[in-house]
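K.L.:
See target_8.json below, with JSON, C-alpha atoms and all ligand atoms.
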[["chain", "number", "residue", "atom", "x", "y", "z"],
["A", 1405, "MET", "CA", -4.36, 17.00, -32.32],
["A", 1406, "ALA", "CA", -3.66, 13.27, -32.52],
["A", 1407, "SER", "CA", -3.83, 11.49, -29.17],
["A", 1408, "MET", "CA", -0.64, 9.94, -27.77],
["A", 1409, "GLN", "CA", -2.52, 7.59, -25.42],
["A", 1410, "ARG", "CA", -1.54, 3.94, -25.49],
["A", 1411, "SER", "CA", -3.46, 1.09, -23.96],
["A", 1412, "VAL", "CA", -2.42, -2.55, -23.97],
["A", 1413, "PRO", "CA", -4.51, -4.32, -26.68],
["A", 1414, "GLN", "CA", -7.39, -6.37, -25.32],
["A", 1415, "GLN", "CA", -7.86, -10.03, -26.17],
["A", 1416, "ALA", "CA", -11.02, -11.58, -27.67],
["A", 1417, "GLY", "CA", -13.54, -12.40, -24.91],
["A", 1418, "ASP", "CA", -11.80, -9.94, -22.60],
["A", 1419, "ARG", "CA", -13.87, -9.28, -19.44],
["A", 1420, "THR", "CA", -12.46, -5.77, -19.24],
["A", 1421, "ALA", "CA", -13.88, -4.69, -22.61],
["A", 1422, "GLY", "CA", -16.21, -1.76, -22.07],
["A", 1423, "LEU", "CA", -14.95, -0.94, -18.57],
["A", 1424, "PRO", "CA", -14.19, 2.68, -17.69],
["A", 1425, "THR", "CA", -10.58, 3.72, -18.10],
["A", 1426, "ALA", "CA", -8.11, 5.80, -16.15],
["A", 1427, "LYS", "CA", -5.27, 7.83, -17.61],
["A", 1428, "ILE", "CA", -1.79, 7.79, -16.06],
["A", 1429, "VAL", "CA", -1.09, 11.48, -15.56],
["A", 1430, "LYS", "CA", 2.05, 11.19, -13.44],
["A", 1431, "ARG", "CA", 4.61, 8.53, -12.61],
["A", 1432, "GLN", "CA", 7.60, 8.39, -10.28],
["A", 1433, "ASP", "CA", 10.15, 5.59, -9.97],
["A", 1434, "TYR", "CA", 12.16, 5.00, -6.77],
["A", 1435, "THR", "CA", 14.09, 1.77, -7.21],
["A", 1436, "ASP", "CA", 14.25, -0.66, -10.12],
["A", 1437, "ASP", "CA", 10.96, -2.22, -8.98],
["A", 1438, "LEU", "CA", 8.99, 0.38, -6.99],
["A", 1439, "PHE", "CA", 6.97, 3.15, -8.53],
["A", 1440, "ASN", "CA", 3.97, 5.39, -8.05],
["A", 1441, "ILE", "CA", 1.37, 6.13, -10.68],
["A", 1442, "TRP", "CA", -1.32, 8.79, -10.40],
["A", 1443, "LEU", "CA", -4.53, 8.01, -12.28],
["A", 1444, "GLU", "CA", -7.23, 10.30, -13.62],
["A", 1445, "PRO", "CA", -10.41, 8.18, -13.79],
["A", 1446, "SER", "CA", -12.77, 8.66, -16.74],
["A", 1447, "VAL", "CA", -15.76, 8.30, -14.37],
["A", 1448, "PRO", "CA", -16.38, 9.65, -10.85],
["A", 1449, "PHE", "CA", -14.72, 7.36, -8.32],
["A", 1450, "THR", "CA", -15.30, 7.64, -4.58],
["A", 1451, "PHE", "CA", -13.81, 5.43, -1.90],
["A", 1452, "LYS", "CA", -13.02, 5.14, 1.80],
["A", 1453, "PRO", "CA", -9.39, 5.34, 2.98],
["A", 1454, "GLY", "CA", -8.02, 1.79, 3.05],
["A", 1455, "GLN", "CA", -10.06, 0.51, 0.10],
["A", 1456, "TYR", "CA", -8.64, -0.69, -3.20],
["A", 1457, "ILE", "CA", -9.24, -0.09, -6.89],
["A", 1458, "THR", "CA", -9.08, -2.82, -9.53],
["A", 1459, "ILE", "CA", -7.19, -1.81, -12.64],
["A", 1460, "GLY", "CA", -6.26, -3.77, -15.74],
["A", 1461, "ALA", "CA", -4.25, -3.90, -18.94],
["A", 1462, "GLY", "CA", -4.34, -6.45, -21.75],
["A", 1463, "GLY", "CA", -7.37, -8.06, -20.07],
["A", 1464, "ILE", "CA", -5.43, -8.80, -16.83],
["A", 1465, "GLU", "CA", -6.84, -7.18, -13.70],
["A", 1466, "ARG", "CA", -5.42, -6.77, -10.19],
["A", 1467, "PRO", "CA", -6.45, -4.88, -7.03],
["A", 1468, "TYR", "CA", -4.34, -1.99, -5.67],
["A", 1469, "SER", "CA", -4.74, -0.27, -2.33],
["A", 1470, "ILE", "CA", -5.24, 3.44, -2.83],
["A", 1471, "ALA", "CA", -2.60, 5.72, -1.29],
["A", 1472, "SER", "CA", -4.36, 9.00, -2.00],
["A", 1473, "SER", "CA", -7.12, 10.44, 0.16],
["A", 1474, "PRO", "CA", -10.69, 10.74, -1.16],
["A", 1475, "HIS", "CA", -10.33, 14.55, -1.27],
["A", 1476, "GLU", "CA", -7.52, 14.33, -3.85],
["A", 1477, "ARG", "CA", -8.35, 14.59, -7.57],
["A", 1478, "LEU", "CA", -5.98, 11.81, -8.67],
["A", 1479, "ILE", "CA", -5.85, 8.19, -7.54],
["A", 1480, "GLU", "CA", -2.33, 7.45, -6.27],
["A", 1481, "LEU", "CA", -1.00, 3.87, -6.36],
["A", 1482, "PHE", "CA", 2.28, 2.48, -5.00],
["A", 1483, "ILE", "CA", 3.26, -0.57, -7.03],
["A", 1484, "GLU", "CA", 5.95, -3.23, -6.88],
["A", 1485, "PHE", "CA", 7.02, -4.59, -10.27],
["A", 1486, "VAL", "CA", 6.98, -8.39, -10.04],
["A", 1487, "LYS", "CA", 9.21, -9.59, -12.87],
["A", 1488, "PRO", "CA", 7.74, -12.23, -15.25],
["A", 1489, "GLU", "CA", 10.29, -14.80, -14.04],
["A", 1490, "HIS", "CA", 8.80, -14.36, -10.55],
["A", 1491, "GLY", "CA", 5.25, -14.83, -11.80],
["A", 1492, "GLY", "CA", 4.32, -11.20, -12.52],
["A", 1493, "LYS", "CA", 1.59, -10.79, -15.11],
["A", 1494, "LEU", "CA", 0.01, -7.35, -14.84],
["A", 1495, "THR", "CA", 2.92, -5.48, -13.27],
["A", 1496, "PRO", "CA", 5.28, -6.05, -16.25],
["A", 1497, "LEU", "CA", 2.62, -4.34, -18.37],
["A", 1498, "LEU", "CA", 2.13, -1.51, -15.85],
["A", 1499, "TYR", "CA", 5.88, -1.05, -15.45],
["A", 1500, "ALA", "CA", 6.17, -0.47, -19.20],
["A", 1501, "GLN", "CA", 3.47, 2.20, -19.18],
["A", 1502, "ARG", "CA", 4.16, 5.89, -19.34],
["A", 1503, "VAL", "CA", 2.33, 9.14, -18.71],
["A", 1504, "ALA", "CA", -0.77, 9.46, -20.97],
["A", 1505, "ASP", "CA", -1.21, 5.68, -21.24],
["A", 1506, "VAL", "CA", -4.51, 4.25, -20.05],
["A", 1507, "VAL", "CA", -5.61, 1.29, -17.92],
["A", 1508, "THR", "CA", -9.06, -0.15, -17.38],
["A", 1509, "MET", "CA", -10.70, 0.34, -14.01],
["A", 1510, "ARG", "CA", -13.62, -1.16, -12.15],
["A", 1511, "PRO", "CA", -15.93, 1.75, -11.35],
["A", 1512, "ARG", "CA", -16.41, 0.81, -7.68],
["A", 1513, "PRO", "CA", -13.82, 0.50, -4.91],
["A", 1514, "LYS", "CA", -13.75, -2.62, -2.76],
["A", 1515, "GLY", "CA", -12.46, -3.71, 0.60],
["A", 1516, "ILE", "CA", -13.19, -3.58, 4.31],
["A", 1517, "PHE", "CA", -9.63, -2.78, 5.43],
["A", 1518, "THR", "CA", -10.74, 0.72, 6.37],
["A", 1519, "PHE", "CA", -10.08, 3.13, 9.22],
["A", 1520, "GLN", "CA", -11.89, 1.90, 12.34],
["A", 1521, "GLU", "CA", -13.00, 5.01, 14.21],
["A", 1522, "LYS", "CA", -14.11, 3.18, 17.36],
["A", 1523, "TYR", "CA", -10.48, 2.59, 18.38],
["A", 1524, "HIS", "CA", -8.36, 5.55, 19.47],
["A", 1525, "ASN", "CA", -4.94, 3.92, 18.88],
["A", 1526, "HIS", "CA", -4.06, 2.65, 15.41],
["A", 1527, "VAL", "CA", -0.92, 0.57, 14.89],
["A", 1528, "LEU", "CA", -0.43, 0.51, 11.12],
["A", 1529, "VAL", "CA", 2.00, -2.23, 10.10],
["A", 1530, "GLY", "CA", 3.01, -2.59, 6.44],
["A", 1531, "THR", "CA", 5.63, -4.20, 4.27],
["A", 1532, "VAL", "CA", 6.82, -1.90, 1.43],
["A", 1533, "THR", "CA", 3.74, -1.23, -0.76],
["A", 1534, "GLY", "CA", 1.58, -2.31, 2.19],
["A", 1535, "VAL", "CA", 1.76, 1.21, 3.62],
["A", 1536, "ALA", "CA", -0.37, 2.60, 0.77],
["A", 1537, "PRO", "CA", -3.68, 2.41, 2.68],
["A", 1538, "TYR", "CA", -2.06, 4.10, 5.69],
["A", 1539, "ALA", "CA", -1.04, 7.13, 3.61],
["A", 1540, "SER", "CA", -4.68, 7.44, 2.58],
["A", 1541, "MET", "CA", -5.94, 7.13, 6.17],
["A", 1542, "LEU", "CA", -3.56, 9.74, 7.59],
["A", 1543, "ARG", "CA", -4.04, 12.21, 4.74],
["A", 1544, "ASN", "CA", -7.81, 11.93, 5.10],
["A", 1545, "HIS", "CA", -7.76, 12.19, 8.89],
["A", 1546, "PHE", "CA", -5.69, 15.35, 9.06],
["A", 1547, "HIS", "CA", -7.32, 16.92, 5.98],
["A", 1548, "ASN", "CA", -10.64, 16.64, 7.82],
["A", 1549, "GLY", "CA", -9.13, 18.14, 10.99],
["A", 1550, "LYS", "CA", -10.06, 15.10, 13.07],
["A", 1551, "THR", "CA", -8.64, 14.65, 16.55],
["A", 1552, "GLY", "CA", -8.75, 12.06, 19.32],
["A", 1553, "HIS", "CA", -6.79, 9.34, 17.51],
["A", 1554, "ARG", "CA", -3.15, 8.28, 17.62],
["A", 1555, "PHE", "CA", -1.26, 6.60, 14.79],
["A", 1556, "PHE", "CA", 1.80, 4.36, 15.03],
["A", 1557, "VAL", "CA", 3.05, 3.55, 11.53],
["A", 1558, "MET", "CA", 5.50, 0.64, 11.26],
["A", 1559, "GLU", "CA", 7.07, -0.13, 7.88],
["A", 1560, "GLY", "CA", 9.33, -3.06, 7.11],
["A", 1561, "ALA", "CA", 11.47, -3.46, 4.00],
["A", 1562, "SER", "CA", 14.65, -5.20, 2.93],
["A", 1563, "HIS", "CA", 16.31, -1.87, 2.13],
["A", 1564, "PHE", "CA", 15.58, 1.63, 3.38],
["A", 1565, "ASP", "CA", 15.25, 3.08, -0.14],
["A", 1566, "GLU", "CA", 12.03, 1.01, -0.37],
["A", 1567, "PHE", "CA", 10.20, 2.96, 2.36],
["A", 1568, "VAL", "CA", 9.18, 5.78, -0.07],
["A", 1569, "TYR", "CA", 6.39, 7.12, 2.22],
["A", 1570, "ASP", "CA", 8.72, 7.54, 5.22],
["A", 1571, "LYS", "CA", 9.24, 11.25, 4.58],
["A", 1572, "GLU", "CA", 5.50, 11.84, 4.54],
["A", 1573, "PHE", "CA", 4.92, 9.86, 7.75],
["A", 1574, "LEU", "CA", 7.83, 11.63, 9.45],
["A", 1575, "GLU", "CA", 6.38, 14.98, 8.40],
["A", 1576, "PHE", "CA", 3.04, 14.00, 9.98],
["A", 1577, "ALA", "CA", 4.97, 13.00, 13.12],
["A", 1578, "ARG", "CA", 6.74, 16.39, 13.16],
["A", 1579, "ARG", "CA", 3.48, 18.30, 12.68],
["A", 1580, "TYR", "CA", 1.50, 16.19, 15.16],
["A", 1581, "PRO", "CA", 3.88, 15.24, 17.98],
["A", 1582, "GLY", "CA", 2.43, 12.64, 20.33],
["A", 1583, "VAL", "CA", -0.22, 11.84, 17.71],
["A", 1584, "VAL", "CA", 1.81, 10.22, 14.92],
["A", 1585, "GLU", "CA", 4.88, 7.99, 15.26],
["A", 1586, "PHE", "CA", 6.82, 6.40, 12.40],
["A", 1587, "VAL", "CA", 9.14, 3.40, 12.71],
["A", 1588, "GLY", "CA", 11.03, 1.99, 9.73],
["A", 1589, "THR", "CA", 13.06, -1.19, 9.95],
["A", 1590, "VAL", "CA", 15.30, -2.97, 7.44],
["A", 1591, "SER", "CA", 15.59, -6.75, 7.38],
["A", 1592, "ARG", "CA", 18.97, -6.86, 5.59],
["A", 1593, "PRO", "CA", 21.12, -4.42, 7.55],
["A", 1594, "GLN", "CA", 24.38, -5.85, 6.15],
["A", 1595, "ALA", "CA", 23.41, -5.23, 2.52],
["A", 1596, "GLU", "CA", 25.46, -2.63, 0.69],
["A", 1597, "ARG", "CA", 22.24, -0.82, -0.22],
["A", 1598, "ASN", "CA", 21.65, -0.22, 3.50],
["A", 1599, "GLN", "CA", 24.96, 1.52, 4.14],
["A", 1600, "GLY", "CA", 24.29, 4.63, 6.19],
["A", 1601, "TRP", "CA", 21.07, 3.27, 7.71],
["A", 1602, "THR", "CA", 21.06, 4.04, 11.44],
["A", 1603, "GLY", "CA", 17.49, 3.08, 12.29],
["A", 1604, "LEU", "CA", 15.92, -0.17, 13.46],
["A", 1605, "THR", "CA", 16.90, -3.52, 12.00],
["A", 1606, "GLY", "CA", 15.05, -6.83, 11.80],
["A", 1607, "ARG", "CA", 11.75, -7.89, 10.32],
["A", 1608, "VAL", "CA", 8.89, -5.59, 11.26],
["A", 1609, "ASN", "CA", 6.78, -8.51, 12.56],
["A", 1610, "THR", "CA", 9.36, -9.17, 15.27],
["A", 1611, "LEU", "CA", 9.14, -5.57, 16.55],
["A", 1612, "VAL", "CA", 5.39, -5.02, 16.87],
["A", 1613, "GLU", "CA", 5.02, -6.36, 20.40],
["A", 1614, "ARG", "CA", 8.03, -4.48, 21.73],
["A", 1615, "CYS", "CA", 6.80, -1.23, 20.15],
["A", 1616, "CYS", "CA", 3.23, -1.62, 21.44],
["A", 1617, "ASP", "CA", 4.60, -2.19, 24.93],
["A", 1618, "GLY", "CA", 7.01, 0.74, 24.58],
["A", 1619, "TRP", "CA", 4.20, 3.06, 23.49],
["A", 1620, "GLY", "CA", 2.13, 1.86, 26.45],
["A", 1621, "LEU", "CA", -0.87, 1.05, 24.28],
["A", 1622, "PRO", "CA", -4.05, -0.20, 25.93],
["A", 1623, "GLN", "CA", -5.05, -3.51, 24.37],
["A", 1624, "ASP", "CA", -8.79, -2.85, 24.43],
["A", 1625, "ASP", "CA", -8.53, 0.53, 22.67],
["A", 1626, "THR", "CA", -5.93, -0.36, 20.04],
["A", 1627, "LEU", "CA", -6.34, -1.88, 16.58],
["A", 1628, "ILE", "CA", -3.35, -3.39, 14.80],
["A", 1629, "TYR", "CA", -3.67, -3.13, 11.02],
["A", 1630, "LEU", "CA", -1.53, -5.56, 8.96],
["A", 1631, "CYS", "CA", -1.04, -5.04, 5.23],
["A", 1632, "GLY", "CA", 1.14, -6.55, 2.53],
["A", 1633, "ASN", "CA", 3.29, -9.67, 2.85],
["A", 1634, "PRO", "CA", 1.22, -12.67, 4.08],
["A", 1635, "GLY", "CA", 4.18, -14.06, 6.04],
["A", 1636, "MET", "CA", 4.41, -10.85, 8.09],
["A", 1637, "ILE", "CA", 0.64, -10.94, 8.66],
["A", 1638, "GLU", "CA", 0.59, -14.57, 9.81],
["A", 1639, "ASP", "CA", 3.45, -13.99, 12.21],
["A", 1640, "VAL", "CA", 2.01, -10.84, 13.84],
["A", 1641, "LYS", "CA", -1.38, -12.50, 14.14],
["A", 1642, "ALA", "CA", 0.22, -15.44, 15.91],
["A", 1643, "ARG", "CA", 2.29, -13.22, 18.22],
["A", 1644, "MET", "CA", -0.30, -10.53, 18.99],
["A", 1645, "GLY", "CA", -3.73, -11.98, 18.15],
["A", 1646, "GLY", "CA", -2.96, -14.91, 20.46],
["A", 1647, "LYS", "CA", -2.37, -12.46, 23.32],
["A", 1648, "GLY", "CA", -5.71, -10.74, 22.88],
["A", 1649, "TRP", "CA", -4.78, -7.77, 20.67],
["A", 1650, "ASN", "CA", -7.32, -6.67, 18.04],
["A", 1651, "VAL", "CA", -5.96, -7.33, 14.56],
["A", 1652, "MET", "CA", -7.23, -6.55, 11.05],
["A", 1653, "GLU", "CA", -5.50, -7.66, 7.82],
["A", 1654, "GLU", "CA", -5.14, -7.08, 4.09],
["A", 1655, "ARG", "CA", -3.03, -9.70, 2.29],
["A", 1656, "PHE", "CA", -1.54, -8.68, -1.05],
["A", 1657, "TRP", "CA", -1.00, -12.24, -2.19],
["A", 1658, "LYS", "CA", -1.41, -15.84, -1.04],
["A", 1659, "ASP", "CA", 1.45, -17.59, 0.68],
["A", 1660, "ASP", "CA", 2.80, -20.54, -1.29],
["B", 1701, "LIG", "C1", -6.52, -6.11, -1.66],
["B", 1701, "LIG", "C2", -5.18, -6.06, -2.40],
["B", 1701, "LIG", "C3", -4.50, -4.87, -2.50],
["B", 1701, "LIG", "C4", -3.26, -4.82, -3.15],
["B", 1701, "LIG", "N1", -2.58, -3.64, -3.20],
["B", 1701, "LIG", "C5", -1.36, -3.59, -3.78],
["B", 1701, "LIG", "C6", -0.60, -2.38, -3.79],
["B", 1701, "LIG", "O1", -1.02, -1.34, -3.26],
["B", 1701, "LIG", "N2", 0.62, -2.39, -4.40],
["B", 1701, "LIG", "C7", 1.13, -3.54, -4.98],
["B", 1701, "LIG", "O2", 2.24, -3.49, -5.54],
["B", 1701, "LIG", "N3", 0.44, -4.70, -4.97],
["B", 1701, "LIG", "C8", -0.80, -4.74, -4.40],
["B", 1701, "LIG", "N4", -1.51, -5.90, -4.42],
["B", 1701, "LIG", "C9", -1.00, -7.03, -5.22],
["B", 1701, "LIG", "C10", -1.47, -6.85, -6.68],
["B", 1701, "LIG", "O3", -2.87, -7.03, -6.76],
["B", 1701, "LIG", "C11", -0.80, -7.80, -7.65],
["B", 1701, "LIG", "O4", -0.94, -9.12, -7.20],
["B", 1701, "LIG", "C12", 0.69, -7.47, -7.80],
["B", 1701, "LIG", "O5", 0.84, -6.15, -8.32],
["B", 1701, "LIG", "C13", 1.39, -8.42, -8.78],
["B", 1701, "LIG", "O6", 0.63, -8.48, -9.95],
["B", 1701, "LIG", "P1", 1.08, -9.41, -11.16],
["B", 1701, "LIG", "O7", -0.11, -9.63, -12.04],
["B", 1701, "LIG", "O8", 2.29, -8.85, -11.81],
["B", 1701, "LIG", "O9", 1.46, -10.77, -10.47],
["B", 1701, "LIG", "P2", 0.44, -11.78, -9.75],
["B", 1701, "LIG", "O10", 0.04, -12.82, -10.73],
["B", 1701, "LIG", "O11", -0.69, -11.01, -9.10],
["B", 1701, "LIG", "O12", 1.31, -12.34, -8.59],
["B", 1701, "LIG", "C14", 2.46, -13.16, -8.85],
["B", 1701, "LIG", "C15", 3.25, -13.30, -7.57],
["B", 1701, "LIG", "O13", 3.90, -12.07, -7.24],
["B", 1701, "LIG", "C16", 4.05, -11.93, -5.83],
["B", 1701, "LIG", "N5", 3.50, -10.62, -5.45],
["B", 1701, "LIG", "C17", 2.24, -10.12, -5.64],
["B", 1701, "LIG", "N6", 2.12, -8.86, -5.19],
["B", 1701, "LIG", "C18", 3.31, -8.52, -4.69],
["B", 1701, "LIG", "C19", 3.79, -7.34, -4.06],
["B", 1701, "LIG", "N7", 3.02, -6.23, -3.86],
["B", 1701, "LIG", "N8", 5.05, -7.33, -3.67],
["B", 1701, "LIG", "C20", 5.84, -8.42, -3.87],
["B", 1701, "LIG", "N9", 5.44, -9.57, -4.45],
["B", 1701, "LIG", "C21", 4.19, -9.63, -4.85],
["B", 1701, "LIG", "C22", 3.34, -13.11, -5.21],
["B", 1701, "LIG", "O14", 4.31, -14.10, -4.90],
["B", 1701, "LIG", "C23", 2.43, -13.61, -6.29],
["B", 1701, "LIG", "O15", 2.13, -14.96, -6.14],
["B", 1701, "LIG", "C24", -2.73, -5.99, -3.75],
["B", 1701, "LIG", "C25", -3.44, -7.20, -3.66],
["B", 1701, "LIG", "C26", -4.63, -7.25, -2.98],
["B", 1701, "LIG", "C27", -5.36, -8.57, -2.87]]
Would you mind writing the file's structure down as structure tokens?
Ligand SMILES: Cc1cc2nc3c(=O)[nH]c(=O)nc-3n(C[C@H](O)[C@H](O)[C@H](O)COP(=O)(O)OP(=O)(O)OC[C@H]3O[C@@H](n4cnc5c(N)ncnc54)[C@H](O)[C@@H]3O)c2cc1C

P.N.:
Amino acid sequence: MASMQRSVPQQAGDRTAGLPTAKIVKRQDYTDDLFNIWLEPSVPFTFKPGQYITIGAGGIERPYSIASSPHERLIELFIEFVKPEHGGKLTPLLYAQRVADVVTMRPRPKGIFTFQEKYHNHVLVGTVTGVAPYASMLRNHFHNGKTGHRFFVMEGASHFDEFVYDKEFLEFARRYPGVVEFVGTVSRPQAERNQGWTGLTGRVNTLVERCCDGWGLPQDDTLIYLCGNPGMIEDVKARMGGKGWNVMEERFWKDD
């Protein structure tokens, strides 16, 4: 039977020529710019929770934090479509892709933004797609039946329909009371899209200190993970790092 796979044509001199590929086997859209894709790699691909994969199309490559756990067969990515008028290069190509299309992939994962076992309290702060590595960490932790750690997931977004992983984190919190907490906060509470939102409001960076105090976290046995928007990361580092908290970061792009 003829194959229906599409891949974006490569350019002459393309550094991605000859790289392994991954097939998009599932896709789900949430808003007009947020979507998940699930990839089936053409070669074995192992990684640690928190690491990223580099994928490409049309010779353009970008890193993506992996949301799935290593025990899952498919690689799950949570992607924000950056429109071309806002500088997006790869994401317009990815956004146009459908199930059965293929992307290139680097065969090895990268990154040191991984679960740090030596701490017992993990404050996982992310902006929108920045929660992807935390989904991987929690799925892996509970799949392996590990105990002795507590997780405090904090997600910030402009609108609550951008949380996407909130249901999963809340389900972990329900199944593991006292072990997992989830806090979502919207930065534009007056927006029409946020009608009906009854949770926290304000930028997530402004809430980290209050939440850490409220949870009674010990500074020397807590690691604050920061992932996503560089402005959020800078601000939390200034507020918390300066007071002696342990902080680790993964920036998705450079601040202008
Ligand atoms: C280690 C690492 C992990 C990453 N993981 C993810 C991930 O899980 N999901 C994801 O969507 N992106 C992730 N990114 C960003 C991703 O690599 C791309 O930069 C992004 O998808 C935009 O690609 P682009 O080629 O369309 O635009 P680019 O040329 O890469 O960027 C153009 C501009 O878009 C803005 N931008 C970039 N990424 C985002 C974003 N996520 N949200 C809002 N604005 C953005 C910035 O202003 C940037 O200057 C990660 C980046 C790094 C370094």

K.L.:
Please find the residues contacting ligand LIG 1701 (chain B) at a distance of at most 7 Å between atoms, with only C-alpha atoms and all ligand atoms counted, and report them as a compact mmCIF listing (two decimals) with C-alpha atoms, in the frame of the given file.

P.N.:
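Below you can see pocket13.txt, which holds the result:
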# COMPACT_ATOMS: atom_id res chain seq x y z
CA TYR A 1456 -8.64 -0.69 -3.20
CA ARG A 1466 -5.42 -6.77 -10.19
CA PRO A 1467 -6.45 -4.88 -7.03
CA TYR A 1468 -4.34 -1.99 -5.67
CA SER A 1469 -4.74 -0.27 -2.33
CA ILE A 1470 -5.24 3.44 -2.83
CA LEU A 1481 -1.00 3.87 -6.36
CA PHE A 1482 2.28 2.48 -5.00
CA ILE A 1483 3.26 -0.57 -7.03
CA GLU A 1484 5.95 -3.23 -6.88
CA PHE A 1485 7.02 -4.59 -10.27
CA VAL A 1486 6.98 -8.39 -10.04
CA HIS A 1490 8.80 -14.36 -10.55
CA GLY A 1491 5.25 -14.83 -11.80
CA GLY A 1492 4.32 -11.20 -12.52
CA LYS A 1493 1.59 -10.79 -15.11
CA LEU A 1494 0.01 -7.35 -14.84
CA THR A 1495 2.92 -5.48 -13.27
CA PRO A 1496 5.28 -6.05 -16.25
CA GLY A 1515 -12.46 -3.71 0.60
CA THR A 1533 3.74 -1.23 -0.76
CA GLY A 1534 1.58 -2.31 2.19
CA ALA A 1536 -0.37 2.60 0.77
CA GLY A 1632 1.14 -6.55 2.53
CA GLU A 1654 -5.14 -7.08 4.09
CA ARG A 1655 -3.03 -9.70 2.29
CA PHE A 1656 -1.54 -8.68 -1.05
CA TRP A 1657 -1.00 -12.24 -2.19
CA LYS A 1658 -1.41 -15.84 -1.04

K.L.:
Of the residues A:Ser1472, A:Thr1551, A:Ser1540, A:Thr1589, which is the one nearest to A:Val1612, using only C-alpha atoms?

P.N.:
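Smallest separation from A:Val1612 among the options: A:Thr1589.
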
K.L.:
Which one of A:Gln1409, A:Ala1426, A:Phe1576, A:Phe1546 sits closest to A:His1475 if you count all atoms listed in the file?

P.N.:
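Smallest distance to A:His1475 is found for A:Phe1546.
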
K.L.:
Every residue with an atom at most 9 Å from (16.3, -8.6, 3.4) (file coordinates; all atoms listed in the file) is what I'm after, so could you write them as a PyMOL selection string?

P.N.:
chain A and resi 1561-1563+1590-1595+1606-1607

K.L.:
Smallest atom-to-atom distance to A:Gln1520: which of A:Leu1627, A:Met1636, A:Val1447, A:Val1608, using all atoms listed in the file?

P.N.:
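Of the candidates, the smallest distance to A:Gln1520 is held by A:Leu1627.
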
K.L.:
With distances taken over only C-alpha atoms, which of A:Glu1480, A:Glu1444, A:Asp1625, A:Glu1465 is nearest to A:Gln1432?

P.N.:
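Comparing A:Glu1480, A:Glu1444, A:Asp1625, A:Glu1465 against A:Gln1432, the winner is A:Glu1480.
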
K.L.:
Residues near A:Gly1645, anyone? I mean within 12 Å using only C-alpha atoms, not counting same-chain ones fewer than 6 positions away, as a PyMOL selection string.

P.N.:
chain A and resi 1612-1613+1623+1626-1630+1637-1639+1651-1653

K.L.:
May I ask which of the residues A:Val1583, A:Ile1428, A:Leu1604, A:Leu1611 is the closest one to A:Asn1525, counting all atoms listed in the file?

P.N.:
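Checking each candidate against A:Asn1525, we get A:Val1583 as the closest.
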
K.L.:
So how many Å separate atom CA of A:Gly1463 and atom CA of A:Arg1419, to one decimal?

P.N.:
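According to the coordinates, atom CA of A:Gly1463 and atom CA of A:Arg1419 are separated by 6.6 Å.
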
K.L.:
Could you check how far atom CA of A:Val1529 sits from atom CA of A:Val1557, in Å to one decimal?

P.N.:
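Between atom CA of A:Val1529 and atom CA of A:Val1557 the gap is 6.0 Å.
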
K.L.:
I'd like to know which of A:Asp1437, A:Glu1566, A:Asp1624, A:Glu1575 is closest to A:His1524, using all atoms listed in the file.

P.N.:
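Ranking A:Asp1437, A:Glu1566, A:Asp1624, A:Glu1575 by distance to A:His1524, first place goes to A:Asp1624.
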
K.L.:
In Å, how far is it from atom CA of A:Gly1460 to atom CA of A:Arg1543?

P.N.:
26.1 Å

K.L.:
Tell me which residues come within 8 Å of (-7.3, 9.6, -18.0), as a PyMOL selection string, counting all atoms listed in the file in the file's coordinates.

P.N.:
chain A and resi 1425-1429+1443-1446+1504-1506

K.L.:
Please produce stretch 1556-1565 of chain A, completed to N, CA and C atoms, as a compact mmCIF listing (two decimals), keeping the file's coordinate frame.

P.N.:
# COMPACT_ATOMS: atom_id res chain seq x y z
N PHE A 1556 0.45 4.90 14.86
CA PHE A 1556 1.80 4.36 15.03
C PHE A 1556 2.12 3.56 13.77
N VAL A 1557 2.79 4.20 12.81
CA VAL A 1557 3.05 3.55 11.53
C VAL A 1557 4.36 2.76 11.63
N MET A 1558 4.30 1.49 11.25
CA MET A 1558 5.50 0.64 11.26
C MET A 1558 5.69 0.06 9.87
N GLU A 1559 6.83 0.39 9.23
CA GLU A 1559 7.07 -0.13 7.88
C GLU A 1559 8.32 -1.00 7.87
N GLY A 1560 8.19 -2.17 7.26
CA GLY A 1560 9.33 -3.06 7.11
C GLY A 1560 9.69 -3.21 5.65
N ALA A 1561 11.00 -3.27 5.37
CA ALA A 1561 11.47 -3.46 4.00
C ALA A 1561 12.84 -4.12 4.07
N SER A 1562 13.29 -4.66 2.95
CA SER A 1562 14.65 -5.20 2.93
C SER A 1562 15.66 -4.07 3.00
N HIS A 1563 15.37 -2.99 2.24
CA HIS A 1563 16.31 -1.87 2.13
C HIS A 1563 15.58 -0.55 2.40
N PHE A 1564 16.27 0.41 2.97
CA PHE A 1564 15.58 1.63 3.38
C PHE A 1564 15.13 2.51 2.21
N ASP A 1565 15.73 2.28 1.00
CA ASP A 1565 15.25 3.08 -0.14
C ASP A 1565 13.87 2.59 -0.63
